[in-house]
Amino acid sequence: MTVEEFEEFYAQAVARLTGQLYVMTGDLQEAQDVVQEAFVKAWVRRGRLERDGQPEAWIRTVAWRLAVSRWRFRRRSADAWGRGSGGAEHVAPPDPDHVVLVDALRELPAQQRRTLTLHYLCDLTVEQIAGETGLSTSTIKTHLVRGRAGLAHRLRDPRIEEAPDV
């Protein structure tokens with residue numbers, strides 16, 4: 001991949017990948033950071049990306065792994081500070097302006113959220129998701145079914161009463 005091809009690829013994919021990672025992580029700033037870092041890593045191996053045939057999937061996977069690593073680091077740091085200070089500080093609730101869907105996605109287990117994102121936002125097939133995540137196709141299907149059911153439950157409008165069975 002030439003420099004010009006990489007720049008064109010970046011321009012076409014960065015917003016899409018950032019949106020996908022935002023849905024997966026629930027944090028826009030984190031999504032922007034890990035996508036940028038993944039693109040930096042891709043720049044170094046841009047010659048091999050084209051031969052691999054799926055540069056966007058490679059960057060999405062690297063960005064996801066970076067997000068997980070960062071989360072683990074923050075978790076360990078918070079645990080260490082908590083042990084030293086006698087307790088963790090109160091964390092502010094999510095911004096109420098966030099989209100209801102993002103809030104509902106945040107409540108799902110991480111694997112369900114990631115699987116739903118890859119399937120519906122990235123338009124990947126079950127087989128492609130299995131290849132990208134290393135999970136079996138039956139596990140992917142299970143995550144999709146459970147994730148959809150979880151979203152349906154969380155997105156239900158409590159103001160609308162269901163019609164009683166007659």
# chains A, B, ... in the order shown; residues from 1 in each chain; ligands from 1
$ residues_around --residues "stretch 42-52 of chain A" --least-positions-apart "4" --cutoff "10 Å" --atoms "only C-alpha atoms" --output "list in words"
Met1, Thr2, Val3, Glu5, Phe6, Glu7, Tyr10, Gln36, Glu37, Ala38, Glu56, Trp58, Ile59 and Val62 of chain A
$ write_last_selection --atoms "N, CA and C atoms" --output "PDB file, in the first residue's frame"
ATOM      1  N   MET A   1       0.855  -1.161   0.000  1.00  0.00           N
ATOM      2  CA  MET A   1       0.000   0.000   0.000  1.00  0.00           C
ATOM      3  C   MET A   1       0.909   1.236   0.000  1.00  0.00           C
ATOM      4  N   THR A   2       0.725   2.086  -0.976  1.00  0.00           N
ATOM      5  CA  THR A   2       1.537   3.292  -1.059  1.00  0.00           C
ATOM      6  C   THR A   2       1.069   4.311  -0.017  1.00  0.00           C
ATOM      7  N   VAL A   3       1.843   5.355   0.131  1.00  0.00           N
ATOM      8  CA  VAL A   3       1.487   6.411   1.076  1.00  0.00           C
ATOM      9  C   VAL A   3       0.145   7.031   0.683  1.00  0.00           C
ATOM     10  N   GLU A   5      -2.281   5.661  -1.112  1.00  0.00           N
ATOM     11  CA  GLU A   5      -3.353   4.686  -0.888  1.00  0.00           C
ATOM     12  C   GLU A   5      -3.706   4.603   0.595  1.00  0.00           C
ATOM     13  N   PHE A   6      -2.695   4.636   1.447  1.00  0.00           N
ATOM     14  CA  PHE A   6      -2.941   4.582   2.891  1.00  0.00           C
ATOM     15  C   PHE A   6      -3.704   5.829   3.338  1.00  0.00           C
ATOM     16  N   GLU A   7      -3.305   6.997   2.833  1.00  0.00           N
ATOM     17  CA  GLU A   7      -4.002   8.234   3.194  1.00  0.00           C
ATOM     18  C   GLU A   7      -5.457   8.192   2.749  1.00  0.00           C
ATOM     19  N   TYR A  10      -7.280   5.784   5.038  1.00  0.00           N
ATOM     20  CA  TYR A  10      -7.506   6.441   6.324  1.00  0.00           C
ATOM     21  C   TYR A  10      -8.710   7.381   6.237  1.00  0.00           C
ATOM     22  N   GLN A  36      -6.832   5.882  16.432  1.00  0.00           N
ATOM     23  CA  GLN A  36      -5.642   6.587  15.966  1.00  0.00           C
ATOM     24  C   GLN A  36      -4.386   5.761  16.225  1.00  0.00           C
ATOM     25  N   GLU A  37      -4.298   5.163  17.398  1.00  0.00           N
ATOM     26  CA  GLU A  37      -3.135   4.351  17.715  1.00  0.00           C
ATOM     27  C   GLU A  37      -3.061   3.129  16.793  1.00  0.00           C
ATOM     28  N   ALA A  38      -4.203   2.550  16.471  1.00  0.00           N
ATOM     29  CA  ALA A  38      -4.215   1.403  15.558  1.00  0.00           C
ATOM     30  C   ALA A  38      -3.759   1.821  14.158  1.00  0.00           C
ATOM     31  N   GLU A  56      -9.120  -2.942   7.177  1.00  0.00           N
ATOM     32  CA  GLU A  56     -10.071  -2.366   8.134  1.00  0.00           C
ATOM     33  C   GLU A  56     -10.327  -3.323   9.293  1.00  0.00           C
ATOM     34  N   TRP A  58      -8.249  -5.553  10.364  1.00  0.00           N
ATOM     35  CA  TRP A  58      -7.018  -5.590  11.151  1.00  0.00           C
ATOM     36  C   TRP A  58      -6.967  -4.395  12.107  1.00  0.00           C
ATOM     37  N   ILE A  59      -7.285  -3.212  11.597  1.00  0.00           N
ATOM     38  CA  ILE A  59      -7.250  -2.008  12.433  1.00  0.00           C
ATOM     39  C   ILE A  59      -8.320  -2.081  13.515  1.00  0.00           C
ATOM     40  N   VAL A  62      -7.051  -4.465  16.208  1.00  0.00           N
ATOM     41  CA  VAL A  62      -5.974  -3.844  16.984  1.00  0.00           C
ATOM     42  C   VAL A  62      -6.553  -2.775  17.915  1.00  0.00           C
TER      43      VAL A  62
END
$ residues_around --residues "A:Gly150" --least-positions-apart "3" --cutoff "9 Å" --atoms "only C-alpha atoms" --output "JSON, numbers by chain"
{"A": [104, 105, 107, 108, 145, 146, 147, 153, 154, 155]}
$ write_last_selection --atoms "N, CA, C and O atoms" --output "compact mmCIF listing (two decimals), in the first residue's frame"
# COMPACT_ATOMS: atom_id res chain seq x y z
N ALA A 104 -28.08 1.55 26.44
CA ALA A 104 -28.56 0.16 26.47
C ALA A 104 -27.43 -0.80 26.10
O ALA A 104 -27.27 -1.86 26.71
N LEU A 105 -26.62 -0.42 25.13
CA LEU A 105 -25.48 -1.26 24.75
C LEU A 105 -24.48 -1.39 25.88
O LEU A 105 -23.89 -2.45 26.07
N GLU A 107 -25.04 -1.65 28.91
CA GLU A 107 -25.52 -2.59 29.91
C GLU A 107 -25.34 -4.05 29.49
O GLU A 107 -25.45 -4.94 30.32
N LEU A 108 -25.09 -4.25 28.22
CA LEU A 108 -24.88 -5.62 27.73
C LEU A 108 -23.49 -6.09 28.09
O LEU A 108 -22.56 -5.29 28.21
N VAL A 145 -28.15 -13.51 19.56
CA VAL A 145 -29.51 -13.75 20.06
C VAL A 145 -29.68 -13.10 21.43
O VAL A 145 -30.65 -12.38 21.69
N ARG A 146 -28.75 -13.34 22.33
CA ARG A 146 -28.85 -12.79 23.68
C ARG A 146 -28.71 -11.26 23.68
O ARG A 146 -29.39 -10.57 24.44
N GLY A 147 -27.83 -10.75 22.81
CA GLY A 147 -27.66 -9.30 22.72
C GLY A 147 -28.92 -8.62 22.21
O GLY A 147 -29.35 -7.59 22.75
N HIS A 153 -35.25 -5.74 25.59
CA HIS A 153 -35.73 -5.53 26.96
C HIS A 153 -35.36 -4.13 27.45
O HIS A 153 -36.18 -3.44 28.06
N ARG A 154 -34.15 -3.69 27.19
CA ARG A 154 -33.68 -2.40 27.69
C ARG A 154 -34.27 -1.22 26.93
O ARG A 154 -34.38 -0.12 27.48
N LEU A 155 -34.64 -1.43 25.68
CA LEU A 155 -35.18 -0.34 24.87
C LEU A 155 -36.70 -0.27 24.90
O LEU A 155 -37.30 0.58 24.25
$ residues_around --residues "A:Ala57" --least-positions-apart "6" --cutoff "12 Å" --atoms "only C-alpha atoms" --output "PDB file with C-alpha atoms, in the first residue's frame"
ATOM      1  CA  ALA A  13     -12.275   4.430   7.187  1.00  0.00           C
ATOM      2  CA  ARG A  16     -16.504   4.494  10.442  1.00  0.00           C
ATOM      3  CA  LEU A  17     -13.980   2.708  12.663  1.00  0.00           C
ATOM      4  CA  GLN A  20     -17.747   1.246  15.620  1.00  0.00           C
ATOM      5  CA  LEU A  21     -15.273   1.415  18.511  1.00  0.00           C
ATOM      6  CA  VAL A  35      -8.391   4.008  16.441  1.00  0.00           C
ATOM      7  CA  ALA A  38      -4.215   1.403  15.558  1.00  0.00           C
ATOM      8  CA  PHE A  39      -3.704   3.493  12.418  1.00  0.00           C
ATOM      9  CA  ALA A  42      -0.974   0.054  10.553  1.00  0.00           C
ATOM     10  CA  LEU A  49      -1.944  -4.745   5.066  1.00  0.00           C
ATOM     11  CA  GLU A  50      -2.779  -4.819   1.388  1.00  0.00           C
ATOM     12  CA  ALA A  63      -8.083  -0.918  18.241  1.00  0.00           C
ATOM     13  CA  TRP A  64     -10.314  -3.286  20.233  1.00  0.00           C
ATOM     14  CA  LEU A 118     -19.465  -6.168  14.310  1.00  0.00           C
ATOM     15  CA  CYS A 122     -19.642  -3.392  10.435  1.00  0.00           C
ATOM     16  CA  ASP A 123     -21.931  -5.652   8.356  1.00  0.00           C
ATOM     17  CA  LEU A 124     -19.804  -8.710   9.087  1.00  0.00           C
ATOM     18  CA  GLN A 128     -16.317 -13.180   9.584  1.00  0.00           C
ATOM     19  CA  ILE A 129     -16.975 -12.260  13.215  1.00  0.00           C
ATOM     20  CA  GLY A 131     -12.617 -15.229  12.303  1.00  0.00           C
ATOM     21  CA  GLU A 132     -11.989 -11.777  13.745  1.00  0.00           C
ATOM     22  CA  THR A 133     -12.756 -12.662  17.372  1.00  0.00           C
TER      23      THR A 133
END
$ atom_distance --atom1 "atom CA of A:Asp103" --atom2 "atom CA of A:Leu151"
10.0 Å
$ closest_residue --among "A:Val14, A:Leu101, A:Leu144, A:Ala31" --to "A:Arg114" --atoms "only C-alpha atoms"
A:Leu144
$ residues_around --residues "A:Ala130" --least-positions-apart "4" --cutoff "12 Å" --atoms "only C-alpha atoms" --output "PyMOL selection string"
chain A and resi 111+114-115+118-119+124-126+134-144
$ write_last_selection --atoms "C-alpha atoms" --output "CSV table (one decimal), in the first residue's frame"
chain,number,residue,atom,x,y,z
A,111,GLN,CA,-18.8,-9.8,24.1
A,114,ARG,CA,-18.9,-6.3,20.4
A,115,THR,CA,-20.7,-9.0,18.5
A,118,LEU,CA,-19.5,-6.2,14.3
A,119,HIS,CA,-22.6,-7.7,12.9
A,124,LEU,CA,-19.8,-8.7,9.1
A,125,THR,CA,-21.2,-12.2,8.7
A,126,VAL,CA,-21.2,-14.7,11.6
A,134,GLY,CA,-11.5,-16.3,17.5
A,135,LEU,CA,-14.9,-17.5,18.8
A,136,SER,CA,-16.9,-20.3,17.3
A,137,THR,CA,-19.9,-19.5,15.0
A,138,SER,CA,-22.3,-21.0,17.5
A,139,THR,CA,-20.9,-18.7,20.2
A,140,ILE,CA,-21.3,-15.8,17.9
A,141,LYS,CA,-24.9,-16.7,17.1
A,142,THR,CA,-25.6,-17.1,20.9
A,143,HIS,CA,-24.2,-13.6,21.6
A,144,LEU,CA,-26.3,-12.2,18.8
$ select_by_dssp --residues "stretch 5-157 of chain A" --states "alpha helix (DSSP H)" --output "PyMOL selection string"
chain A and resi 5-25+28-44+46-52+55-85+100-107+110-116+126-133+137-154
$ residues_around --residues "A:Thr25" --least-positions-apart "5" --cutoff "8 Å" --atoms "only C-alpha atoms" --output "number ranges by chain"
A: 30-31, 67, 106
$ write_last_selection --atoms "all heavy atoms" --output "compact mmCIF listing (two decimals), in the first residue's frame"
# COMPACT_ATOMS: atom_id res chain seq x y z
N GLU A 30 -12.12 7.51 24.09
CA GLU A 30 -11.34 6.27 24.06
C GLU A 30 -11.33 5.67 22.65
O GLU A 30 -10.30 5.23 22.16
CB GLU A 30 -11.92 5.27 25.06
CG GLU A 30 -11.17 3.98 25.15
CD GLU A 30 -9.82 4.11 25.86
OE1 GLU A 30 -9.52 5.18 26.42
OE2 GLU A 30 -9.05 3.14 25.82
N ALA A 31 -12.48 5.69 22.00
CA ALA A 31 -12.58 5.16 20.64
C ALA A 31 -11.66 5.93 19.69
O ALA A 31 -10.94 5.33 18.89
CB ALA A 31 -14.02 5.22 20.15
N ALA A 67 -8.08 -1.02 23.38
CA ALA A 67 -9.11 -0.57 24.33
C ALA A 67 -9.18 -1.51 25.54
O ALA A 67 -9.26 -1.06 26.68
CB ALA A 67 -10.46 -0.47 23.65
N ARG A 106 -24.29 -0.34 26.63
CA ARG A 106 -23.34 -0.38 27.74
C ARG A 106 -23.75 -1.41 28.79
O ARG A 106 -22.91 -1.93 29.51
CB ARG A 106 -23.25 0.98 28.41
CG ARG A 106 -22.40 1.96 27.67
CD ARG A 106 -22.32 3.24 28.44
NE ARG A 106 -21.49 4.20 27.74
CZ ARG A 106 -21.52 5.48 27.96
NH1 ARG A 106 -22.31 5.98 28.88
NH2 ARG A 106 -20.73 6.28 27.27
$ decode --residues "stretch 57-71 of chain A" --atoms "all heavy atoms" --output "short mmCIF file (atom, residue, chain, number, x, y, z; two decimals), in the first residue's frame"
data_model
loop_
_atom_site.label_atom_id
_atom_site.label_comp_id
_atom_site.auth_asym_id
_atom_site.auth_seq_id
_atom_site.Cartn_x
_atom_site.Cartn_y
_atom_site.Cartn_z
N ALA A 57 -10.47 -4.60 9.00
CA ALA A 57 -10.66 -5.59 10.06
C ALA A 57 -9.43 -5.65 10.96
O ALA A 57 -9.56 -5.76 12.19
CB ALA A 57 -10.95 -6.96 9.46
N TRP A 58 -8.25 -5.55 10.36
CA TRP A 58 -7.02 -5.59 11.15
C TRP A 58 -6.97 -4.40 12.11
O TRP A 58 -6.67 -4.54 13.29
CB TRP A 58 -5.80 -5.58 10.23
CG TRP A 58 -4.51 -5.76 10.95
CD1 TRP A 58 -3.89 -6.95 11.25
CD2 TRP A 58 -3.67 -4.73 11.49
NE1 TRP A 58 -2.73 -6.72 11.94
CE2 TRP A 58 -2.56 -5.36 12.11
CE3 TRP A 58 -3.74 -3.35 11.52
CZ2 TRP A 58 -1.55 -4.66 12.74
CZ3 TRP A 58 -2.73 -2.64 12.16
CH2 TRP A 58 -1.64 -3.29 12.76
N ILE A 59 -7.29 -3.21 11.60
CA ILE A 59 -7.25 -2.01 12.43
C ILE A 59 -8.32 -2.08 13.52
O ILE A 59 -8.06 -1.73 14.67
CB ILE A 59 -7.40 -0.74 11.57
CG1 ILE A 59 -6.13 -0.56 10.74
CG2 ILE A 59 -7.68 0.49 12.42
CD1 ILE A 59 -6.20 0.54 9.72
N ARG A 60 -9.51 -2.56 13.17
CA ARG A 60 -10.58 -2.68 14.17
C ARG A 60 -10.17 -3.63 15.29
O ARG A 60 -10.37 -3.35 16.47
CB ARG A 60 -11.88 -3.15 13.51
CG ARG A 60 -13.05 -3.22 14.44
CD ARG A 60 -14.37 -3.56 13.76
NE ARG A 60 -14.26 -4.55 12.73
CZ ARG A 60 -14.41 -4.32 11.43
NH1 ARG A 60 -14.68 -3.11 11.00
NH2 ARG A 60 -14.30 -5.29 10.55
N THR A 61 -9.56 -4.76 14.93
CA THR A 61 -9.11 -5.73 15.92
C THR A 61 -8.02 -5.14 16.81
O THR A 61 -8.06 -5.29 18.04
CB THR A 61 -8.60 -7.01 15.23
OG1 THR A 61 -9.68 -7.56 14.46
CG2 THR A 61 -8.12 -8.03 16.23
N VAL A 62 -7.05 -4.46 16.21
CA VAL A 62 -5.97 -3.84 16.98
C VAL A 62 -6.55 -2.78 17.91
O VAL A 62 -6.19 -2.71 19.09
CB VAL A 62 -4.89 -3.25 16.05
CG1 VAL A 62 -3.92 -2.37 16.82
CG2 VAL A 62 -4.16 -4.37 15.33
N ALA A 63 -7.48 -1.97 17.42
CA ALA A 63 -8.08 -0.92 18.24
C ALA A 63 -8.85 -1.54 19.41
O ALA A 63 -8.78 -1.04 20.54
CB ALA A 63 -9.01 -0.04 17.40
N TRP A 64 -9.58 -2.61 19.16
CA TRP A 64 -10.31 -3.29 20.23
C TRP A 64 -9.35 -3.81 21.30
O TRP A 64 -9.57 -3.65 22.49
CB TRP A 64 -11.16 -4.42 19.67
CG TRP A 64 -11.78 -5.26 20.74
CD1 TRP A 64 -11.43 -6.53 21.10
CD2 TRP A 64 -12.84 -4.90 21.62
NE1 TRP A 64 -12.21 -6.97 22.13
CE2 TRP A 64 -13.08 -5.98 22.47
CE3 TRP A 64 -13.61 -3.75 21.77
CZ2 TRP A 64 -14.06 -5.96 23.46
CZ3 TRP A 64 -14.59 -3.74 22.76
CH2 TRP A 64 -14.80 -4.82 23.58
N ARG A 65 -8.28 -4.44 20.85
CA ARG A 65 -7.30 -4.97 21.81
C ARG A 65 -6.65 -3.86 22.61
O ARG A 65 -6.38 -4.01 23.81
CB ARG A 65 -6.26 -5.81 21.07
CG ARG A 65 -6.83 -7.11 20.56
CD ARG A 65 -5.84 -7.91 19.78
NE ARG A 65 -6.44 -9.15 19.32
CZ ARG A 65 -5.97 -9.88 18.34
NH1 ARG A 65 -4.85 -9.52 17.73
NH2 ARG A 65 -6.58 -10.98 17.97
N LEU A 66 -6.38 -2.73 21.97
CA LEU A 66 -5.83 -1.58 22.69
C LEU A 66 -6.80 -1.08 23.75
O LEU A 66 -6.41 -0.76 24.87
CB LEU A 66 -5.48 -0.45 21.72
CG LEU A 66 -4.28 -0.68 20.81
CD1 LEU A 66 -4.24 0.36 19.69
CD2 LEU A 66 -2.99 -0.63 21.62
N ALA A 67 -8.08 -1.02 23.38
CA ALA A 67 -9.11 -0.57 24.33
C ALA A 67 -9.18 -1.51 25.54
O ALA A 67 -9.26 -1.06 26.68
CB ALA A 67 -10.46 -0.47 23.65
N VAL A 68 -9.13 -2.81 25.28
CA VAL A 68 -9.18 -3.78 26.37
C VAL A 68 -7.94 -3.64 27.26
O VAL A 68 -8.04 -3.64 28.49
CB VAL A 68 -9.30 -5.22 25.82
CG1 VAL A 68 -9.08 -6.26 26.90
CG2 VAL A 68 -10.67 -5.42 25.16
N SER A 69 -6.78 -3.48 26.64
CA SER A 69 -5.54 -3.31 27.42
C SER A 69 -5.60 -2.06 28.28
O SER A 69 -5.19 -2.07 29.44
CB SER A 69 -4.33 -3.24 26.49
OG SER A 69 -4.14 -4.46 25.84
N ARG A 70 -6.11 -0.98 27.72
CA ARG A 70 -6.21 0.27 28.47
C ARG A 70 -7.19 0.10 29.64
O ARG A 70 -6.95 0.62 30.73
CB ARG A 70 -6.68 1.40 27.57
CG ARG A 70 -5.64 1.88 26.61
CD ARG A 70 -6.25 2.88 25.67
NE ARG A 70 -5.22 3.67 25.03
CZ ARG A 70 -5.40 4.87 24.56
NH1 ARG A 70 -6.58 5.45 24.65
NH2 ARG A 70 -4.43 5.53 23.99
N TRP A 71 -8.30 -0.57 29.38
CA TRP A 71 -9.28 -0.79 30.44
C TRP A 71 -8.65 -1.61 31.57
O TRP A 71 -8.83 -1.28 32.75
CB TRP A 71 -10.51 -1.52 29.88
CG TRP A 71 -11.50 -1.83 30.95
CD1 TRP A 71 -12.46 -1.00 31.44
CD2 TRP A 71 -11.61 -3.05 31.68
NE1 TRP A 71 -13.16 -1.63 32.44
CE2 TRP A 71 -12.66 -2.89 32.61
CE3 TRP A 71 -10.92 -4.26 31.65
CZ2 TRP A 71 -13.03 -3.90 33.49
CZ3 TRP A 71 -11.30 -5.26 32.53
CH2 TRP A 71 -12.33 -5.07 33.43
#
